[in-house]
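A.B. asks: Data file run-v2.cif (mmCIF, C-alpha atoms) is appended below.
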data_entry
#
loop_
_atom_site.label_atom_id
_atom_site.label_comp_id
_atom_site.auth_asym_id
_atom_site.auth_seq_id
_atom_site.Cartn_x
_atom_site.Cartn_y
_atom_site.Cartn_z
CA MET A 56 34.82 28.86 11.81
CA ALA A 57 31.80 30.83 10.63
CA ASP A 58 32.45 34.14 8.92
CA ARG A 59 32.51 37.01 11.37
CA LYS A 60 31.69 40.65 10.79
CA PRO A 61 34.66 43.03 10.50
CA ILE A 62 35.91 44.22 13.89
CA GLU A 63 34.62 47.73 14.52
CA SER A 64 35.23 47.91 18.29
CA TRP A 65 38.02 46.64 20.52
CA LEU A 66 38.09 45.67 24.17
CA THR A 67 41.40 44.77 25.76
CA ASP A 68 42.54 43.65 29.17
CA MET A 69 45.23 45.80 30.77
CA ASP A 70 47.60 43.70 32.90
CA GLY A 71 49.40 41.07 30.83
CA VAL A 72 48.25 42.61 27.54
CA LEU A 73 49.23 46.29 27.61
CA ILE A 74 51.46 46.37 30.69
CA HIS A 75 53.40 43.91 32.84
CA GLU A 76 54.47 44.84 36.38
CA GLY A 77 54.23 48.54 35.61
CA VAL A 78 56.09 48.40 32.28
CA PRO A 79 54.40 48.71 28.86
CA ILE A 80 54.52 45.57 26.73
CA PRO A 81 56.22 46.25 23.36
CA GLY A 82 53.59 47.26 20.83
CA ALA A 83 51.07 48.53 23.40
CA ASP A 84 51.77 52.18 22.64
CA ALA A 85 51.41 51.61 18.89
CA PHE A 86 48.17 49.67 19.43
CA ILE A 87 46.57 52.41 21.56
CA LYS A 88 47.81 55.15 19.21
CA LYS A 89 46.34 53.44 16.17
CA LEU A 90 43.05 52.80 17.97
CA ARG A 91 42.73 56.47 18.84
CA GLU A 92 43.61 57.54 15.30
CA SER A 93 41.09 55.11 13.81
CA GLY A 94 38.18 56.62 15.73
CA LYS A 95 36.88 53.11 16.51
CA PRO A 96 35.21 52.62 19.90
CA PHE A 97 37.48 50.87 22.39
CA LEU A 98 37.84 50.08 26.08
CA VAL A 99 40.72 49.07 28.31
CA LEU A 100 39.36 46.73 30.97
CA THR A 101 40.60 45.61 34.35
CA ASN A 102 39.14 43.36 37.03
CA ASN A 103 41.09 45.37 39.60
CA SER A 104 38.66 47.61 41.50
CA ILE A 105 41.24 49.56 43.52
CA TYR A 106 41.69 52.49 41.15
CA THR A 107 39.28 54.95 39.56
CA PRO A 108 39.45 55.47 35.78
CA ARG A 109 41.09 58.83 36.50
CA ASP A 110 43.79 57.09 38.56
CA LEU A 111 44.38 54.49 35.85
CA HIS A 112 44.49 57.17 33.15
CA ALA A 113 47.28 58.92 35.07
CA ARG A 114 49.21 55.68 35.70
CA LEU A 115 49.02 54.62 32.04
CA ASN A 116 49.95 58.13 30.92
CA ARG A 117 53.15 57.97 32.99
CA MET A 118 54.02 54.79 31.07
CA GLY A 119 53.47 56.50 27.73
CA LEU A 120 50.03 54.99 27.06
CA GLU A 121 47.45 57.68 26.24
CA VAL A 122 44.11 56.15 27.24
CA PRO A 123 41.27 58.65 27.80
CA ILE A 124 39.35 58.29 31.07
CA GLU A 125 36.14 57.44 29.21
CA ASN A 126 37.91 54.49 27.55
CA ILE A 127 38.69 52.74 30.85
CA TRP A 128 36.23 50.18 32.26
CA THR A 129 36.77 48.52 35.65
CA SER A 130 35.01 45.80 37.60
CA ALA A 131 34.03 48.54 40.08
CA LEU A 132 32.16 50.41 37.33
CA ALA A 133 30.51 47.18 36.16
CA THR A 134 29.47 46.43 39.75
CA ALA A 135 28.02 49.91 40.21
CA LYS A 136 26.11 49.66 36.93
CA PHE A 137 24.69 46.30 37.99
CA LEU A 138 23.58 47.61 41.40
CA ASP A 139 22.09 50.76 39.87
CA ASP A 140 20.00 48.58 37.55
CA GLN A 141 19.00 46.17 40.32
CA ARG A 142 18.25 48.54 43.19
CA PRO A 143 18.62 52.24 42.34
CA GLY A 144 19.50 54.48 45.28
CA GLY A 145 20.34 51.55 47.53
CA SER A 146 22.88 51.12 50.30
CA ALA A 147 25.98 49.02 50.73
CA TYR A 148 28.66 48.07 53.20
CA VAL A 149 31.86 48.18 51.15
CA ILE A 150 35.22 46.53 51.61
CA GLY A 151 37.44 48.13 48.99
CA GLU A 152 39.35 51.17 47.82
CA ALA A 153 38.56 54.47 46.10
CA GLY A 154 37.82 52.84 42.73
CA LEU A 155 34.85 51.02 44.23
CA THR A 156 33.60 53.57 46.74
CA THR A 157 33.74 56.35 44.12
CA ALA A 158 31.80 54.25 41.59
CA LEU A 159 29.08 53.59 44.17
CA HIS A 160 28.95 57.22 45.30
CA ASP A 161 28.55 58.27 41.66
CA ILE A 162 25.35 56.19 41.29
CA GLY A 163 23.91 57.69 44.47
CA TYR A 164 24.50 54.76 46.80
CA ILE A 165 24.71 55.26 50.56
CA LEU A 166 27.71 53.55 52.10
CA THR A 167 26.76 52.29 55.54
CA ASP A 168 27.09 49.40 57.96
CA HIS A 169 23.52 49.86 59.22
CA GLU A 170 21.18 47.35 57.56
CA PRO A 171 22.68 47.75 54.06
CA ASP A 172 21.00 46.25 51.02
CA TYR A 173 24.33 44.77 49.93
CA VAL A 174 27.76 43.81 51.17
CA VAL A 175 30.13 44.67 48.31
CA LEU A 176 33.59 43.14 48.36
CA GLY A 177 36.34 44.55 46.18
CA GLU A 178 40.11 44.63 45.96
CA THR A 179 42.19 46.17 48.73
CA ARG A 180 45.70 45.79 50.09
CA THR A 181 44.40 46.09 53.67
CA TYR A 182 41.78 43.38 54.21
CA SER A 183 41.02 43.53 57.92
CA PHE A 184 39.61 40.82 60.16
CA GLU A 185 37.23 43.39 61.65
CA ALA A 186 35.81 44.34 58.23
CA MET A 187 35.41 40.70 57.19
CA THR A 188 33.67 39.89 60.49
CA LYS A 189 31.26 42.79 59.95
CA ALA A 190 30.57 41.58 56.40
CA VAL A 191 29.78 38.07 57.67
CA ARG A 192 27.35 39.42 60.26
CA LEU A 193 25.61 41.74 57.80
CA ILE A 194 25.19 38.94 55.23
CA ASN A 195 23.82 36.65 57.94
CA ALA A 196 21.38 39.43 58.80
CA GLY A 197 20.07 39.56 55.23
CA ALA A 198 22.41 41.75 53.15
CA ARG A 199 23.02 40.42 49.64
CA PHE A 200 26.61 39.47 48.83
CA ILE A 201 28.25 41.05 45.76
CA CYS A 202 31.89 40.84 44.63
CA THR A 203 33.63 42.93 42.01
CA ASN A 204 35.62 39.99 40.62
CA PRO A 205 36.52 36.35 41.32
CA ASP A 206 40.32 36.61 40.96
CA GLU A 207 41.82 34.58 43.80
CA THR A 208 45.30 36.11 43.59
CA GLY A 209 46.79 39.33 42.33
CA PRO A 210 50.32 40.19 41.19
CA SER A 211 52.94 42.08 43.16
CA ALA A 212 56.69 42.55 42.93
CA GLU A 213 57.10 40.09 45.81
CA GLY A 214 54.79 37.46 44.35
CA PRO A 215 51.07 36.58 44.38
CA LEU A 216 48.76 38.30 46.86
CA PRO A 217 45.37 37.06 48.13
CA ALA A 218 42.70 38.85 46.11
CA THR A 219 38.94 39.32 46.11
CA GLY A 220 38.04 35.74 45.19
CA ALA A 221 40.08 34.31 48.06
CA VAL A 222 38.49 36.64 50.62
CA ALA A 223 35.06 35.94 49.13
CA ALA A 224 35.66 32.22 49.75
CA LEU A 225 36.38 32.95 53.40
CA ILE A 226 33.13 34.93 53.76
CA THR A 227 31.19 32.22 51.91
CA LYS A 228 32.55 29.59 54.29
CA ALA A 229 31.43 31.68 57.25
CA THR A 230 27.96 32.50 55.90
CA GLY A 231 27.04 29.72 53.49
CA LYS A 232 26.18 32.46 50.95
CA GLN A 233 27.75 32.56 47.50
CA PRO A 234 28.45 36.04 46.07
CA TYR A 235 27.43 37.38 42.69
CA PHE A 236 30.59 38.34 40.78
CA ALA A 237 30.13 41.33 38.46
CA GLY A 238 33.59 41.28 36.83
CA LYS A 239 35.19 38.92 34.33
CA PRO A 240 34.45 36.16 33.41
CA ASN A 241 30.87 37.38 33.87
CA PRO A 242 29.85 38.54 30.38
CA LEU A 243 27.86 41.26 32.16
CA MET A 244 31.08 43.28 32.43
CA MET A 245 31.58 42.99 28.67
CA ARG A 246 28.00 43.82 27.79
CA THR A 247 27.84 46.88 30.04
CA GLY A 248 31.19 47.98 28.62
CA LEU A 249 29.97 47.54 25.05
CA ASN A 250 26.83 49.52 25.87
CA ALA A 251 28.96 52.30 27.36
CA ILE A 252 30.73 52.83 24.01
CA GLY A 253 27.72 52.06 21.80
CA ALA A 254 29.28 48.90 20.36
CA HIS A 255 27.76 45.58 19.30
CA SER A 256 29.21 42.21 20.29
CA GLU A 257 29.02 40.76 16.76
CA SER A 258 31.48 43.36 15.47
CA SER A 259 33.69 43.57 18.57
CA ALA A 260 36.80 41.76 19.77
CA MET A 261 38.22 41.03 23.21
CA ILE A 262 41.97 40.75 23.79
CA GLY A 263 43.23 39.05 26.93
CA ASP A 264 46.00 37.02 28.48
CA ARG A 265 43.80 34.66 30.52
CA MET A 266 41.65 31.86 29.17
CA ASP A 267 39.55 31.62 32.34
CA THR A 268 38.51 35.28 32.49
CA ASP A 269 39.23 37.34 29.35
CA VAL A 270 38.61 34.72 26.67
CA LEU A 271 35.68 33.12 28.50
CA ALA A 272 33.94 36.45 29.10
CA GLY A 273 34.49 37.63 25.54
CA MET A 274 33.25 34.35 24.09
CA GLU A 275 30.12 34.31 26.28
CA ALA A 276 29.39 37.92 25.34
CA GLY A 277 29.45 36.91 21.65
CA MET A 278 32.71 38.62 20.68
CA GLN A 279 35.74 37.48 18.74
CA THR A 280 38.55 36.67 21.17
CA PHE A 281 42.31 37.01 20.93
CA LEU A 282 44.65 35.38 23.44
CA VAL A 283 48.06 37.01 23.82
CA LEU A 284 50.94 35.01 25.28
CA THR A 285 52.48 37.85 27.30
CA GLY A 286 50.55 37.14 30.50
CA LEU A 287 49.27 34.27 32.61
CA THR A 288 48.07 31.65 30.11
CA LEU A 289 50.92 29.70 28.50
CA PRO A 290 50.62 28.06 25.05
CA HIS A 291 50.48 24.49 26.37
CA GLN A 292 47.69 25.42 28.81
CA VAL A 293 45.21 26.43 26.10
CA GLU A 294 44.30 22.80 25.39
CA ASN A 295 43.33 22.31 29.05
CA PHE A 296 40.18 24.36 28.47
CA PRO A 297 36.98 23.11 26.80
CA TYR A 298 36.79 26.28 24.69
CA ARG A 299 39.25 28.14 22.49
CA PRO A 300 39.95 31.74 21.57
CA SER A 301 39.19 32.83 18.03
CA GLU A 302 42.92 33.37 17.55
CA ILE A 303 46.18 33.10 19.53
CA VAL A 304 48.92 35.69 18.95
CA ASP A 305 52.29 36.28 20.56
CA SER A 306 51.53 39.80 21.78
CA ILE A 307 49.50 42.96 21.30
CA ALA A 308 52.08 44.04 18.70
CA ASP A 309 50.66 41.40 16.34
CA LEU A 310 47.25 43.09 16.38
CA VAL A 311 48.28 46.66 15.49
CA ASP A 312 47.75 46.03 11.78
CA ARG A 313 44.34 44.45 12.42
CA ILE A 314 42.78 47.76 13.49
#
Here is the file; what I need is its structure written in the form of structure tokens.
C.D. replies:
Amino acid sequence: MADRKPIESWLTDMDGVLIHEGVPIPGADAFIKKLRESGKPFLVLTNNSIYTPRDLHARLNRMGLEVPIENIWTSALATAKFLDDQRPGGSAYVIGEAGLTTALHDIGYILTDHEPDYVVLGETRTYSFEAMTKAVRLINAGARFICTNPDETGPSAEGPLPATGAVAALITKATGKQPYFAGKPNPLMMRTGLNAIGAHSESSAMIGDRMDTDVLAGMEAGMQTFLVLTGLTLPHQVENFPYRPSEIVDSIADLVDRI
């Protein structure tokens, strides 16, 4: 492998890397603590658009992980940044929670079901048939279809739940229109995140537990990539993909000394 520049900035996924089902993964607290002490730019990323950075800051804090609000980057923020660049001051019909609606409010978007510029689909625990029907009709009437992330399922204590990607497939079937996904594995989420902390891809690393989102997005954004084996991708599954991470480690604990 070609020589890489020293890692000056770190991006890390949250679920499966730092926490698992609401419990910190061993080494996560030491990793975050050392990052903060180092003064290096870093971001904790999540494709989940339900929560605002303030919400996530409070949830992580209760678990003993001190992550400042400004160091949290969500697919909702990436979506809002994309829409603000594409059509400043636009309008959207939104299916989602506070993380998404707050991000769109903050860029000056009007949330409406009257001839919106976009239909924006995000994560929610209460997908309703009425809301999906309205989305289908608005897209058929000319609204552009945007999704925060392509994840088809999400975790819960009871087992997998249908997530944004699955609901997007339903709407696509009904409209014939494919959405634009702003979150991972779209490298757009990485690039906007890097810009937010003033970092450069050539000297940055992405840590994730999924080959198909974290590693792919980091690789396509030009970063070094680390796959941890504490989440969804198992060791024997790595060879099923036509690309590889820069390095595979057991857990986030193995990267503390790399900062």
A.B. asks: Can you turn the PyMOL selection byres ((chain A and resi 72-79) around 10) into a concrete residue list for this file, as an NGL selection string?
C.D. replies: :A and (67-71 or 80-84 or 86-87 or 99 or 114-115 or 117-120 or 210-212 or 262-265 or 282-287 or 306-308)
A.B. asks: What lies within 6 Å of region 226-235 of chain A using only C-alpha atoms, ignoring chain neighbours under 5 positions off, as number ranges by chain?
C.D. replies: A: 200-202
A.B. asks: Report as CSV the residues of region 100-198 of chain A within 10 Å of region 245-255 of chain A, each with its shortest atom pair and distance in Å (one decimal), using all atoms listed in the file, ordered by chain and increasing residue number.
C.D. replies:
residue,atom,partner,partner_atom,distance
A:Leu100,CA,A:Gly248,CA,8.6
A:Glu125,CA,A:Ile252,CA,8.8
A:Asn126,CA,A:Ile252,CA,8.2
A:Ile127,CA,A:Gly248,CA,9.2
A:Trp128,CA,A:Gly248,CA,6.6
A:Thr129,CA,A:Gly248,CA,9.0
A:Ser130,CA,A:Met245,CA,10.0
A:Leu132,CA,A:Gly248,CA,9.1
A:Ala133,CA,A:Thr247,CA,6.7
A:Thr134,CA,A:Thr247,CA,9.9
A:Lys136,CA,A:Thr247,CA,7.6
A:Phe137,CA,A:Thr247,CA,8.6
A.B. asks: One decimal, in Å: what's the spacing between CA of Asp305 (chain A) and CA of Gly220 (chain A)?
C.D. replies: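 Taking CA of Asp305 (chain A) as the start and CA of Gly220 (chain A) as the end point, the length is 28.5 Å.
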A.B. asks: Go through A:Gly177, A:Ser258, A:Ala272, A:Val311 and flag the residue nearest Arg91 (chain A), using all atoms listed in the file for the distances.
C.D. replies: A:Val311
A.B. asks: Any idea what the distance is between CA of Leu176 (chain A) and CA of Leu155 (chain A)?
C.D. replies: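 Result for CA of Leu176 (chain A) versus CA of Leu155 (chain A): 9.0 Å, one decimal.
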A.B. asks: Record the distance separating CA of Gly145 (chain A) and CA of Tyr164 (chain A), expressed in Å with one decimal.
C.D. replies: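 Interatomic distance here is 5.3 Å.
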A.B. asks: Considering all atoms listed in the file, can you say which of A:Ser146, A:Thr107, A:Thr157, A:Ser183 comes closest to His169 (chain A)?
C.D. replies: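 Going through A:Ser146, A:Thr107, A:Thr157, A:Ser183 one by one, the smallest distance to His169 (chain A) is for A:Ser146.
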A.B. asks: Taking the file above as input, evaluate the PyMOL selection byres ((chain A and resi 278) around 8) and report the hits as a PyMOL selection string.
C.D. replies: chain A and resi 256-261+273-277+279-280
A.B. asks: Mind giving me the axis-aligned box for region 204-222 of chain A with 3 Å on every side, centre plus edges in Å to one decimal, as AutoDock Vina command-line options?
C.D. replies:
--center_x 46.4 --center_y 38.4 --center_z 45.6 --size_x 27.5 --size_y 14.2 --size_z 16.0
A.B. asks: Which of these, A:Ile150, A:Ala221, A:Ala158, A:Leu216, has the shortest distance to Ala186 (chain A) once you count all atoms listed in the file?
C.D. replies: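 Ranked by minimum distance to Ala186 (chain A), first place goes to A:Ile150.
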A.B. asks: With only C-alpha atoms as the atoms that count, which of A:Ala131, A:Ala153, A:Ile105, A:Val293 lies nearest to Val270 (chain A)?
C.D. replies: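 The closest residue to Val270 (chain A) is A:Val293.
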A.B. asks: So, with all atoms listed in the file as the atoms that count, which of A:Gly209, A:Leu166, A:Val222, A:Ala237 lies closest to Phe184 (chain A)?
C.D. replies: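 Using all atoms listed in the file, Phe184 (chain A) sits closest to A:Val222.
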A.B. asks: Which is closest to Thr208 (chain A) among A:Glu170, A:Glu178, A:Glu92, A:Asp269, if we use only C-alpha atoms?
C.D. replies: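 Nearest candidate to Thr208 (chain A) out of A:Glu170, A:Glu178, A:Glu92, A:Asp269: A:Glu178.
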